[in-house]
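Trainee: Just so it is clear, I am handing over work13.pdb, which has PDB, C-alpha atoms and all ligand atoms.
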ATOM      1  CA  MET A   1       4.887  13.245  26.434
ATOM      2  CA  VAL A   2       1.674  12.154  28.180
ATOM      3  CA  SER A   3       0.576   8.675  27.176
ATOM      4  CA  GLY A   4      -2.850   8.355  25.589
ATOM      5  CA  GLY A   5      -3.489  12.030  24.878
ATOM      6  CA  HIS A   6      -1.780  12.462  21.560
ATOM      7  CA  THR A   7      -2.543  12.045  17.907
ATOM      8  CA  VAL A   8      -0.673   9.548  15.763
ATOM      9  CA  ALA A   9      -0.210  10.143  12.044
ATOM     10  CA  VAL A  10       0.676   7.238   9.793
ATOM     11  CA  ILE A  11       2.706   8.819   7.017
ATOM     12  CA  GLY A  12       2.373   6.649   3.899
ATOM     13  CA  ALA A  13      -0.438   4.317   4.868
ATOM     14  CA  GLY A  14       0.179   1.345   2.577
ATOM     15  CA  LYS A  15       0.139  -2.284   3.742
ATOM     16  CA  ILE A  16       2.040  -1.826   7.001
ATOM     17  CA  GLY A  17       0.570   1.593   7.747
ATOM     18  CA  GLU A  18      -2.918   0.167   7.320
ATOM     19  CA  LEU A  19      -2.093  -2.688   9.697
ATOM     20  CA  MET A  20      -1.047  -0.110  12.270
ATOM     21  CA  LEU A  21      -4.210   1.947  11.797
ATOM     22  CA  SER A  22      -6.528  -1.042  11.959
ATOM     23  CA  GLY A  23      -4.715  -2.565  14.949
ATOM     24  CA  LEU A  24      -4.911   0.665  16.929
ATOM     25  CA  LEU A  25      -8.608   1.035  16.113
ATOM     26  CA  ARG A  26      -9.313  -2.589  17.181
ATOM     27  CA  SER A  27      -7.591  -1.824  20.470
ATOM     28  CA  GLY A  28      -9.925   1.105  21.113
ATOM     29  CA  TRP A  29      -7.680   3.976  20.004
ATOM     30  CA  PRO A  30     -10.073   6.841  19.149
ATOM     31  CA  VAL A  31     -10.320   7.454  15.415
ATOM     32  CA  ASP A  32     -10.169  11.216  15.994
ATOM     33  CA  ARG A  33      -6.653  10.763  17.369
ATOM     34  CA  LEU A  34      -5.450   9.061  14.196
ATOM     35  CA  LEU A  35      -4.404  10.634  10.916
ATOM     36  CA  ALA A  36      -3.131   9.023   7.751
ATOM     37  CA  THR A  37      -1.409  10.275   4.641
ATOM     38  CA  ALA A  38      -1.377   8.705   1.193
ATOM     39  CA  ARG A  39       0.132   9.565  -2.173
ATOM     40  CA  ARG A  40      -2.894   8.676  -4.302
ATOM     41  CA  PRO A  41      -6.413  10.115  -3.819
ATOM     42  CA  ALA A  42      -7.942   6.680  -4.450
ATOM     43  CA  ARG A  43      -5.912   5.235  -1.580
ATOM     44  CA  ALA A  44      -6.932   8.115   0.684
ATOM     45  CA  ALA A  45     -10.611   7.510  -0.111
ATOM     46  CA  GLU A  46     -10.203   3.782   0.526
ATOM     47  CA  LEU A  47      -8.692   4.383   3.987
ATOM     48  CA  THR A  48     -11.425   6.822   4.991
ATOM     49  CA  ALA A  49     -14.161   4.485   3.737
ATOM     50  CA  ARG A  50     -12.651   1.490   5.554
ATOM     51  CA  TYR A  51     -11.737   3.087   8.882
ATOM     52  CA  GLY A  52     -13.328   6.532   9.047
ATOM     53  CA  VAL A  53      -9.826   7.898   9.488
ATOM     54  CA  ARG A  54      -9.036  11.448   8.339
ATOM     55  CA  VAL A  55      -6.522  11.403   5.508
ATOM     56  CA  VAL A  56      -4.573  14.645   5.213
ATOM     57  CA  ASP A  57      -1.498  15.900   3.378
ATOM     58  CA  ASN A  58       1.903  15.253   4.915
ATOM     59  CA  LEU A  59       2.427  18.792   6.217
ATOM     60  CA  THR A  60      -0.995  18.872   7.903
ATOM     61  CA  ALA A  61      -0.109  15.573   9.591
ATOM     62  CA  VAL A  62       3.189  17.040  10.780
ATOM     63  CA  GLY A  63       1.373  20.047  12.195
ATOM     64  CA  GLU A  64      -1.440  18.166  13.953
ATOM     65  CA  ALA A  65       0.044  14.900  15.226
ATOM     66  CA  GLU A  66       2.465  14.424  18.106
ATOM     67  CA  VAL A  67       3.673  11.063  16.780
ATOM     68  CA  LEU A  68       4.677  10.584  13.144
ATOM     69  CA  ALA A  69       4.872   6.915  12.120
ATOM     70  CA  VAL A  70       6.744   6.797   8.815
ATOM     71  CA  ALA A  71       5.598   3.781   6.794
ATOM     72  CA  VAL A  72       6.754   4.610   3.268
ATOM     73  CA  LYS A  73       9.126   2.298   1.392
ATOM     74  CA  PRO A  74      12.796   2.954   2.203
ATOM     75  CA  GLN A  75      13.207   4.101  -1.419
ATOM     76  CA  ASP A  76      10.618   6.886  -0.816
ATOM     77  CA  ALA A  77      11.924   8.065   2.549
ATOM     78  CA  ALA A  78      14.437  10.674   1.327
ATOM     79  CA  ALA A  79      11.832  12.410  -0.859
ATOM     80  CA  LEU A  80       9.348  12.388   2.008
ATOM     81  CA  LEU A  81      11.896  13.904   4.376
ATOM     82  CA  ASP A  82      12.849  16.549   1.812
ATOM     83  CA  GLU A  83       9.195  17.582   2.006
ATOM     84  CA  ILE A  84       8.492  17.339   5.738
ATOM     85  CA  GLY A  85      11.897  17.150   7.489
ATOM     86  CA  PRO A  86      12.543  20.861   8.058
ATOM     87  CA  LYS A  87       8.897  21.407   9.110
ATOM     88  CA  VAL A  88       8.816  18.798  11.895
ATOM     89  CA  PRO A  89       8.869  20.523  15.295
ATOM     90  CA  ALA A  90      11.627  18.931  17.397
ATOM     91  CA  ASP A  91       9.192  17.898  20.161
ATOM     92  CA  LYS A  92       7.420  15.399  17.872
ATOM     93  CA  LEU A  93       8.290  11.708  18.038
ATOM     94  CA  VAL A  94       9.240  10.156  14.705
ATOM     95  CA  ILE A  95       8.785   6.382  14.521
ATOM     96  CA  SER A  96      10.326   4.723  11.486
ATOM     97  CA  LEU A  97       8.913   1.447  10.248
ATOM     98  CA  CYS A  98      11.285   1.414   7.260
ATOM     99  CA  ALA A  99      13.479  -1.630   6.677
ATOM    100  CA  GLY A 100      17.183  -0.929   6.643
ATOM    101  CA  LEU A 101      17.155   2.785   7.378
ATOM    102  CA  PRO A 102      19.109   3.721  10.495
ATOM    103  CA  SER A 103      17.619   6.319  12.825
ATOM    104  CA  ASN A 104      20.340   8.781  11.854
ATOM    105  CA  PHE A 105      19.028   8.685   8.264
ATOM    106  CA  PHE A 106      16.015  10.480   9.757
ATOM    107  CA  SER A 107      17.751  12.623  12.368
ATOM    108  CA  ARG A 108      20.098  14.081   9.749
ATOM    109  CA  ARG A 109      17.003  15.283   7.892
ATOM    110  CA  LEU A 110      15.065  16.503  10.944
ATOM    111  CA  PRO A 111      15.576  19.497  13.233
ATOM    112  CA  GLU A 112      18.307  18.933  15.841
ATOM    113  CA  GLY A 113      16.988  17.053  18.867
ATOM    114  CA  THR A 114      13.990  15.347  17.207
ATOM    115  CA  PRO A 115      13.616  11.913  18.820
ATOM    116  CA  VAL A 116      13.552   8.915  16.474
ATOM    117  CA  VAL A 117      12.466   5.376  17.368
ATOM    118  CA  ARG A 118      13.149   2.576  14.891
ATOM    119  CA  VAL A 119      10.615  -0.237  14.723
ATOM    120  CA  MET A 120      10.404  -3.485  12.764
ATOM    121  CA  THR A 121       7.025  -5.181  12.845
ATOM    122  CA  ASN A 122       5.469  -7.884  10.653
ATOM    123  CA  THR A 123       2.219  -8.677   8.845
ATOM    124  CA  PRO A 124       0.621 -10.965  11.482
ATOM    125  CA  ALA A 125      -0.321  -7.590  13.014
ATOM    126  CA  LEU A 126      -3.484  -8.201  10.985
ATOM    127  CA  VAL A 127      -4.526 -10.805  13.580
ATOM    128  CA  ASP A 128      -2.901  -9.062  16.579
ATOM    129  CA  GLN A 129       0.037 -11.511  16.414
ATOM    130  CA  ALA A 130       2.811  -9.251  15.174
ATOM    131  CA  MET A 131       6.367  -9.458  16.421
ATOM    132  CA  THR A 132       7.559  -5.893  16.795
ATOM    133  CA  ALA A 133      11.132  -4.993  17.708
ATOM    134  CA  ILE A 134      11.650  -1.469  19.034
ATOM    135  CA  SER A 135      14.935   0.437  19.262
ATOM    136  CA  ALA A 136      15.838   3.782  20.702
ATOM    137  CA  GLY A 137      17.285   5.838  17.884
ATOM    138  CA  VAL A 138      18.895   9.226  18.030
ATOM    139  CA  HIS A 139      17.583  11.444  20.897
ATOM    140  CA  ALA A 140      14.962   8.850  21.969
ATOM    141  CA  THR A 141      14.408   8.502  25.717
ATOM    142  CA  GLY A 142      12.799   5.742  27.787
ATOM    143  CA  GLU A 143       9.563   7.687  27.576
ATOM    144  CA  HIS A 144       9.636   7.612  23.774
ATOM    145  CA  LEU A 145      10.310   3.861  23.795
ATOM    146  CA  ALA A 146       7.401   3.331  26.195
ATOM    147  CA  LEU A 147       5.126   5.313  23.908
ATOM    148  CA  ALA A 148       6.194   3.263  20.875
ATOM    149  CA  GLU A 149       5.505   0.113  22.887
ATOM    150  CA  GLU A 150       2.060   1.370  23.787
ATOM    151  CA  LEU A 151       1.306   1.824  20.084
ATOM    152  CA  PHE A 152       2.573  -1.607  18.991
ATOM    153  CA  LYS A 153       1.524  -3.808  21.941
ATOM    154  CA  PRO A 154      -2.093  -4.069  20.712
ATOM    155  CA  LEU A 155      -0.712  -5.534  17.463
ATOM    156  CA  GLY A 156       1.061  -8.457  19.153
ATOM    157  CA  ALA A 157       4.319  -9.056  21.023
ATOM    158  CA  THR A 158       7.003  -6.396  21.408
ATOM    159  CA  ILE A 159      10.672  -6.594  22.271
ATOM    160  CA  ARG A 160      13.332  -3.924  22.753
ATOM    161  CA  VAL A 161      16.578  -4.459  20.842
ATOM    162  CA  PRO A 162      19.650  -2.318  20.267
ATOM    163  CA  GLU A 163      19.365  -0.523  16.959
ATOM    164  CA  SER A 164      22.481  -2.357  15.716
ATOM    165  CA  GLN A 165      20.374  -5.563  15.664
ATOM    166  CA  GLN A 166      17.537  -4.183  13.544
ATOM    167  CA  ASP A 167      18.802  -5.445  10.164
ATOM    168  CA  ALA A 168      19.038  -8.964  11.603
ATOM    169  CA  VAL A 169      15.552  -8.581  13.109
ATOM    170  CA  THR A 170      14.271  -7.492   9.708
ATOM    171  CA  ALA A 171      15.770 -10.608   8.095
ATOM    172  CA  LEU A 172      14.313 -12.882  10.775
ATOM    173  CA  SER A 173      10.908 -11.629  11.908
ATOM    174  CA  GLY A 174      10.204  -8.754   9.503
ATOM    175  CA  SER A 175      10.497 -11.009   6.464
ATOM    176  CA  GLY A 176       9.830 -14.177   8.485
ATOM    177  CA  PRO A 177       6.129 -14.621   7.669
ATOM    178  CA  ALA A 178       7.070 -14.960   3.982
ATOM    179  CA  TYR A 179       9.360 -17.903   4.751
ATOM    180  CA  PHE A 180       6.598 -19.718   6.628
ATOM    181  CA  TYR A 181       4.084 -19.067   3.848
ATOM    182  CA  LEU A 182       6.565 -20.420   1.298
ATOM    183  CA  LEU A 183       7.033 -23.518   3.428
ATOM    184  CA  VAL A 184       3.277 -24.053   3.721
ATOM    185  CA  GLU A 185       2.876 -23.597  -0.032
ATOM    186  CA  ALA A 186       5.653 -26.128  -0.749
ATOM    187  CA  MET A 187       4.303 -28.634   1.783
ATOM    188  CA  THR A 188       0.813 -28.312   0.309
ATOM    189  CA  ASP A 189       2.288 -29.172  -3.098
ATOM    190  CA  ALA A 190       4.058 -32.133  -1.511
ATOM    191  CA  GLY A 191       0.710 -33.330  -0.138
ATOM    192  CA  ILE A 192      -0.732 -33.084  -3.644
ATOM    193  CA  LEU A 193       2.197 -35.097  -4.990
ATOM    194  CA  LEU A 194       1.243 -37.783  -2.478
ATOM    195  CA  GLY A 195      -2.348 -37.782  -3.769
ATOM    196  CA  LEU A 196      -4.199 -35.548  -1.284
ATOM    197  CA  PRO A 197      -6.825 -33.075  -2.500
ATOM    198  CA  ARG A 198      -5.406 -29.494  -2.394
ATOM    199  CA  GLN A 199      -7.845 -28.280   0.270
ATOM    200  CA  VAL A 200      -7.174 -31.275   2.517
ATOM    201  CA  ALA A 201      -3.404 -30.785   2.144
ATOM    202  CA  HIS A 202      -3.795 -27.074   2.923
ATOM    203  CA  ASP A 203      -5.955 -27.667   6.019
ATOM    204  CA  LEU A 204      -3.607 -30.360   7.329
ATOM    205  CA  ILE A 205      -0.519 -28.188   7.065
ATOM    206  CA  VAL A 206      -2.110 -24.981   8.367
ATOM    207  CA  GLN A 207      -3.337 -26.710  11.529
ATOM    208  CA  THR A 208       0.028 -28.473  11.879
ATOM    209  CA  ALA A 209       1.776 -25.098  11.640
ATOM    210  CA  ILE A 210      -0.554 -23.563  14.251
ATOM    211  CA  GLY A 211      -0.174 -26.535  16.617
ATOM    212  CA  SER A 212       3.606 -26.530  16.262
ATOM    213  CA  ALA A 213       3.808 -22.768  16.820
ATOM    214  CA  VAL A 214       1.637 -22.886  19.941
ATOM    215  CA  MET A 215       3.774 -25.755  21.329
ATOM    216  CA  LEU A 216       6.946 -23.791  20.632
ATOM    217  CA  ARG A 217       5.509 -20.796  22.453
ATOM    218  CA  ASP A 218       3.795 -22.535  25.364
ATOM    219  CA  SER A 219       5.728 -25.720  26.170
ATOM    220  CA  GLY A 220       8.978 -24.023  27.141
ATOM    221  CA  GLU A 221      10.799 -26.893  25.382
ATOM    222  CA  HIS A 222      13.738 -26.455  23.034
ATOM    223  CA  PRO A 223      12.755 -27.037  19.366
ATOM    224  CA  VAL A 224      15.245 -29.914  19.146
ATOM    225  CA  LYS A 225      13.406 -31.731  21.942
ATOM    226  CA  LEU A 226      10.042 -31.154  20.270
ATOM    227  CA  ARG A 227      11.420 -32.475  16.974
ATOM    228  CA  GLU A 228      12.950 -35.517  18.674
ATOM    229  CA  ALA A 229       9.553 -36.409  20.132
ATOM    230  CA  VAL A 230       8.176 -36.681  16.583
ATOM    231  CA  THR A 231      11.138 -38.586  15.195
ATOM    232  CA  SER A 232      10.718 -42.320  15.876
ATOM    233  CA  PRO A 233      13.671 -44.705  15.427
ATOM    234  CA  ALA A 234      13.632 -46.076  11.861
ATOM    235  CA  GLY A 235      10.331 -44.218  11.392
ATOM    236  CA  THR A 236       8.907 -41.914   8.759
ATOM    237  CA  THR A 237      10.095 -38.553  10.087
ATOM    238  CA  ILE A 238      13.797 -39.367  10.046
ATOM    239  CA  SER A 239      13.500 -40.421   6.384
ATOM    240  CA  ALA A 240      12.110 -36.963   5.589
ATOM    241  CA  ILE A 241      14.713 -35.208   7.732
ATOM    242  CA  ARG A 242      17.524 -37.014   5.907
ATOM    243  CA  GLU A 243      16.187 -35.536   2.651
ATOM    244  CA  LEU A 244      15.903 -32.029   4.185
ATOM    245  CA  GLU A 245      19.528 -32.261   5.331
ATOM    246  CA  ASN A 246      20.635 -33.708   1.944
ATOM    247  CA  HIS A 247      18.999 -30.727   0.243
ATOM    248  CA  GLY A 248      20.703 -28.235   2.519
ATOM    249  CA  VAL A 249      17.628 -26.690   4.118
ATOM    250  CA  ARG A 250      19.607 -25.402   7.120
ATOM    251  CA  ALA A 251      22.332 -23.958   4.920
ATOM    252  CA  ALA A 252      19.692 -22.415   2.683
ATOM    253  CA  LEU A 253      18.122 -20.645   5.676
ATOM    254  CA  LEU A 254      21.479 -19.352   6.901
ATOM    255  CA  ALA A 255      22.240 -17.993   3.433
ATOM    256  CA  ALA A 256      18.706 -16.605   2.983
ATOM    257  CA  LEU A 257      18.769 -14.608   6.190
ATOM    258  CA  GLU A 258      22.239 -13.290   5.439
ATOM    259  CA  ALA A 259      20.936 -12.153   2.036
ATOM    260  CA  ALA A 260      17.964 -10.396   3.650
ATOM    261  CA  ARG A 261      20.271  -8.669   6.168
ATOM    262  CA  ASP A 262      22.587  -7.580   3.335
ATOM    263  CA  ARG A 263      19.633  -6.270   1.333
ATOM    264  CA  ALA A 264      18.568  -4.141   4.340
ATOM    265  CA  ARG A 265      22.060  -2.594   4.351
ATOM    266  CA  GLU A 266      21.878  -2.029   0.593
ATOM    267  CA  LEU A 267      18.478  -0.310   0.925
ATOM    268  CA  ALA A 268      20.001   2.091   3.448
ATOM    269  CA  ALA A 269      22.935   2.871   1.165
ATOM    270  CA  GLN A 270      20.661   3.358  -1.858
ATOM    271  CA  ALA A 271      18.207   5.545   0.076
ATOM    272  CA  GLU A 272      20.927   8.165   0.615
TER     273      GLU A 272
HETATM  274  N1  LIG A 301       5.363  -5.377   4.109
HETATM  275  C1  LIG A 301       5.933  -5.864   5.199
HETATM  276  O1  LIG A 301       5.777  -7.032   5.572
HETATM  277  C2  LIG A 301       6.803  -4.987   6.044
HETATM  278  C3  LIG A 301       7.191  -3.733   5.631
HETATM  279  N2  LIG A 301       7.964  -2.962   6.446
HETATM  280  C4  LIG A 301       8.371  -1.621   6.032
HETATM  281  O2  LIG A 301       7.205  -0.833   6.025
HETATM  282  C5  LIG A 301       7.301   0.160   5.026
HETATM  283  C6  LIG A 301       6.078   0.110   4.147
HETATM  284  O3  LIG A 301       6.011  -1.135   3.500
HETATM  285  P1  LIG A 301       4.665  -1.597   2.805
HETATM  286  O4  LIG A 301       3.517  -1.158   3.645
HETATM  287  O5  LIG A 301       4.848  -3.006   2.463
HETATM  288  O6  LIG A 301       4.728  -0.691   1.471
HETATM  289  P2  LIG A 301       3.524  -0.011   0.686
HETATM  290  O7  LIG A 301       4.072   0.395  -0.642
HETATM  291  O8  LIG A 301       2.318  -0.879   0.734
HETATM  292  O9  LIG A 301       3.201   1.289   1.542
HETATM  293  C7  LIG A 301       3.889   2.503   1.451
HETATM  294  C8  LIG A 301       2.867   3.590   1.179
HETATM  295  O10 LIG A 301       3.496   4.851   1.264
HETATM  296  C9  LIG A 301       2.925   5.694   0.251
HETATM  297  N3  LIG A 301       3.829   6.807   0.017
HETATM  298  C10 LIG A 301       5.035   6.812  -0.585
HETATM  299  N4  LIG A 301       5.576   8.040  -0.574
HETATM  300  C11 LIG A 301       4.670   8.856   0.040
HETATM  301  C12 LIG A 301       4.648  10.225   0.348
HETATM  302  N5  LIG A 301       5.652  11.035   0.038
HETATM  303  N6  LIG A 301       3.577  10.710   1.007
HETATM  304  C13 LIG A 301       2.542   9.908   1.343
HETATM  305  N7  LIG A 301       2.513   8.583   1.082
HETATM  306  C14 LIG A 301       3.562   8.062   0.431
HETATM  307  C15 LIG A 301       2.783   4.769  -0.910
HETATM  308  O11 LIG A 301       1.923   5.296  -1.872
HETATM  309  P3  LIG A 301       1.647   4.549  -3.281
HETATM  310  O12 LIG A 301       0.497   3.652  -2.965
HETATM  311  O13 LIG A 301       1.331   5.643  -4.214
HETATM  312  O14 LIG A 301       2.910   3.812  -3.621
HETATM  313  C16 LIG A 301       2.245   3.511  -0.229
HETATM  314  O15 LIG A 301       0.839   3.542  -0.094
HETATM  315  C17 LIG A 301       8.589  -0.104   4.248
HETATM  316  O16 LIG A 301       9.566   0.808   4.643
HETATM  317  C18 LIG A 301       8.971  -1.513   4.641
HETATM  318  O17 LIG A 301      10.367  -1.688   4.690
HETATM  319  C19 LIG A 301       8.321  -3.370   7.690
HETATM  320  C20 LIG A 301       7.949  -4.596   8.140
HETATM  321  C21 LIG A 301       7.217  -5.526   7.355
HETATM  322  O1  LIG A 302      10.555  -7.112   2.081
HETATM  323  C1  LIG A 302      10.726  -6.044   2.679
HETATM  324  O2  LIG A 302      11.609  -5.248   2.317
HETATM  325  C2  LIG A 302       9.877  -5.686   3.874
HETATM  326  C3  LIG A 302      10.696  -5.464   5.113
HETATM  327  C4  LIG A 302      10.418  -6.646   5.988
HETATM  328  C5  LIG A 302       9.310  -7.322   5.330
HETATM  329  N1  LIG A 302       8.995  -6.778   4.207
END
For the structure just supplied, provide its representation as structure tokens.
Mentor:
Amino acid sequence: MVSGGHTVAVIGAGKIGELMLSGLLRSGWPVDRLLATARRPARAAELTARYGVRVVDNLTAVGEAEVLAVAVKPQDAAALLDEIGPKVPADKLVISLCAGLPSNFFSRRLPEGTPVVRVMTNTPALVDQAMTAISAGVHATGEHLALAEELFKPLGATIRVPESQQDAVTALSGSGPAYFYLLVEAMTDAGILLGLPRQVAHDLIVQTAIGSAVMLRDSGEHPVKLREAVTSPAGTTISAIRELENHGVRAALLAALEAARDRARELAAQAE
């Protein structure tokens, strides 16, 4: 497969599919080498109006595109594959963005030999700051992985992981933005409890989150060391940390991520 010369179809362009379309367009991917599919005519019209992208039916996408990026909900994947599976020529690359579904869920419903790459990205793709984990699925070669990387690199960072780690990745970075947003929301409320105006509390915590994230990324320091530098003896921070530990924040995160991982497995079982 020659890099750069092919057409990518986003099958089921909802939230994540739209992030992929818009990210590729921002990176200079030609709009005439993108296709999208949608279930509702209103959604199709919206995508064309927003991006100038051609929205076609699923079988047209299968016929015209070399890369099929499947971005429907896991619950809709079996019905989609009932429709398109037998019609996908085996030289196409199928990229699944679906949480939980193993690559063999797809390969069992596609012609023998069709390469499948499993990807888990996240919503900061909207600002080119996604974390995308890419795994070789059934029949995928190094060339297919490189092509998937080329498609997701403009959206942020990419990493290759064994497919067996994808449910854990989903729990950590796929769902991860939601945990941070919840934390920001709760900390904003805490600021309000302490008497700050909502907007001031919001601005303080957003910039604190950005500063902390950039330090984590750029300082090369372990998070424990960064936290210790904030935590003065008999100071304010340790009083707060005692409360976080008393309320089991670490244990809550361990349990939360286990629950997300288990839900990914459940989605796969239910999708069958
Ligand atoms: N949201 C997130 O943060 C992340 C999501 N994912 C994964 O990405 C996938 C999509 O999630 P998300 O974008 O949030 O979901 P959405 O519901 O926003 O998008 C899915 C889209 O697929 C459309 N669709 C469903 N069936 C068909 C079909 N047969 N033909 C054409 N279009 C179809 C839906 O249409 P309709 O509008 O009619 O429902 C919808 O627009 C999921 O598998 C999810 O696990 C992965 C990482 C992060
Ligand atoms: O909540 C979900 O199922 C999807 C997958 C990862 C993020 N959102």
Trainee: Step by step, work through what the PyMOL selection byres (((not hetatm)) within 6 of (chain A and resi 302)) selects in the shown file, and finish by giving those residues as a ChimeraX atom specification.
Mentor: /A:99,170,174-175
Trainee: Which is closest to ligand LIG 301 (chain A) among A:Ile159, A:Ala49, A:Val169, A:Ala136, if we use only C-alpha atoms and all ligand atoms?
Mentor: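 The shortest atom-to-atom distance to ligand LIG 301 (chain A) comes from A:Val169.
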Trainee: Which value, in Å to one decimal, gives the distance between CA of Thr208 in chain A and atom C2 of ligand LIG 301 (chain A)?
Mentor: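 If I compute the distance from CA of Thr208 in chain A to atom C2 of ligand LIG 301 (chain A), I get 25.1 Å.
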Trainee: With only C-alpha atoms and all ligand atoms as the atoms that count, which of A:Ala90, A:Ile95, A:Val119, A:Leu257 lies nearest to ligand LIG 301 (chain A)?
Mentor: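 Using only C-alpha atoms and all ligand atoms, ligand LIG 301 (chain A) sits closest to A:Val119.
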Trainee: Given all atoms listed in the file as the basis, pick out the residue of A:Leu194, A:Leu147, A:Val200, A:Leu101 nearest to Ala269 in chain A.
Mentor: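 When distances to Ala269 in chain A are compared using all atoms listed in the file, the smallest one comes from A:Leu101.
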Trainee: Go ahead and find all residues with at least one atom no further than 10 Å from (4.2, -5.5, 23.4) in the file's coordinates, using all atoms listed in the file; report them as a list of chain:residue names.
Mentor: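 Protein and nucleic acid residues near the point are A:Ala130, A:Met131, A:Thr132, A:Ala133, A:Ile134, A:Ala146, A:Ala148, A:Glu149, A:Glu150, A:Leu151, A:Phe152, A:Lys153, A:Pro154, A:Leu155, A:Gly156, A:Ala157, A:Thr158, A:Ile159, A:Arg160.
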Trainee: Which polymer residues have any atom within 12 Å of an atom of Arg50 in chain A, counting all atoms listed in the file, with same-chain residues fewer than 6 positions away left out, as a VMD selection string?
Mentor: chain A and resid 18 21 to 22 25 31 43 to 44
Trainee: For the PyMOL selection byres (((not hetatm)) within 6 of (chain A and resi 301)), applied here, can you spell out every residue it catches as a PyMOL selection string?
Mentor: chain A and resi 11-17+37-40+71-74+76+80+97-99+120-123+174
Trainee: Those residues you just picked out, can you put them in a file as a compact mmCIF listing (two decimals), keeping the file's coordinate frame with C-alpha atoms?
Mentor:
# COMPACT_ATOMS: atom_id res chain seq x y z
CA ILE A 11 2.71 8.82 7.02
CA GLY A 12 2.37 6.65 3.90
CA ALA A 13 -0.44 4.32 4.87
CA GLY A 14 0.18 1.34 2.58
CA LYS A 15 0.14 -2.28 3.74
CA ILE A 16 2.04 -1.83 7.00
CA GLY A 17 0.57 1.59 7.75
CA THR A 37 -1.41 10.28 4.64
CA ALA A 38 -1.38 8.70 1.19
CA ARG A 39 0.13 9.56 -2.17
CA ARG A 40 -2.89 8.68 -4.30
CA ALA A 71 5.60 3.78 6.79
CA VAL A 72 6.75 4.61 3.27
CA LYS A 73 9.13 2.30 1.39
CA PRO A 74 12.80 2.95 2.20
CA ASP A 76 10.62 6.89 -0.82
CA LEU A 80 9.35 12.39 2.01
CA LEU A 97 8.91 1.45 10.25
CA CYS A 98 11.28 1.41 7.26
CA ALA A 99 13.48 -1.63 6.68
CA MET A 120 10.40 -3.48 12.76
CA THR A 121 7.02 -5.18 12.84
CA ASN A 122 5.47 -7.88 10.65
CA THR A 123 2.22 -8.68 8.85
CA GLY A 174 10.20 -8.75 9.50
Trainee: Return as a list of chain:residue names the set of residues that the PyMOL selection byres (((chain A and resi 113) around 10) and not hetatm) yields on the displayed structure.
Mentor: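 Expected selection for the PyMOL selection byres (((chain A and resi 113) around 10) and not hetatm) here is A:Pro89, A:Ala90, A:Asp91, A:Lys92, A:Ser107, A:Leu110, A:Pro111, A:Glu112, A:Thr114, A:Pro115, A:Val116, A:Val138, A:His139, A:Ala140.
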Trainee: Would you please work out which residue, of A:Ala65, A:Ala256, A:Val127, A:Val70, is nearest to Ala178 in chain A when using all atoms listed in the file?
Mentor: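 Of A:Ala65, A:Ala256, A:Val127, A:Val70, the one nearest Ala178 in chain A, counting all atoms listed in the file, is A:Ala256.
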Trainee: Could you tell me how far CA of Gly28 in chain A lies from CA of Glu46 in chain A, in Å and to one decimal?
Mentor: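 About the pair CA of Gly28 in chain A and CA of Glu46 in chain A: they are 20.8 Å apart.
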Trainee: One decimal, Å: what's the distance from CA of Ala36 in chain A over to CA of Leu172 in chain A, could you say?
Mentor: 28.2 Å
Trainee: Let me make sure I understand: among A:His144, A:Val161, A:Asp189, A:Gly100, which one has the smallest atom-to-atom distance to Ala260 in chain A if we use all atoms listed in the file?
Mentor: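 Counting all atoms listed in the file, the residue closest to Ala260 in chain A is A:Gly100.
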Trainee: Given all atoms listed in the file as the basis, pick out the residue of A:Ala259, A:Ile241, A:Ala209, A:Ala9 nearest to Asp32 in chain A.
Mentor: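 Looking only at the distances to Asp32 in chain A, the closest residue turns out to be A:Ala9.
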Trainee: Around range 127-141 of chain A, with edges along x, y and z and 4 Å added on all six sides, what centre and edge lengths do you get, in Å to one decimal, as JSON?
Mentor:
{"center_x": 7.2, "center_y": 0.0, "center_z": 19.6, "size_x": 31.4, "size_y": 31.0, "size_z": 20.1}
Trainee: I'd like the neighbourhood of Gln75 in chain A as a list in words, where a residue qualifies if any of its atoms comes within 9 Å (using only C-alpha atoms), though same-chain residues fewer than 6 positions away should be ignored.
Mentor: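 Within the cut-off, the hits are Leu267, Ala268, Gln270, Ala271 and Glu272 of chain A.
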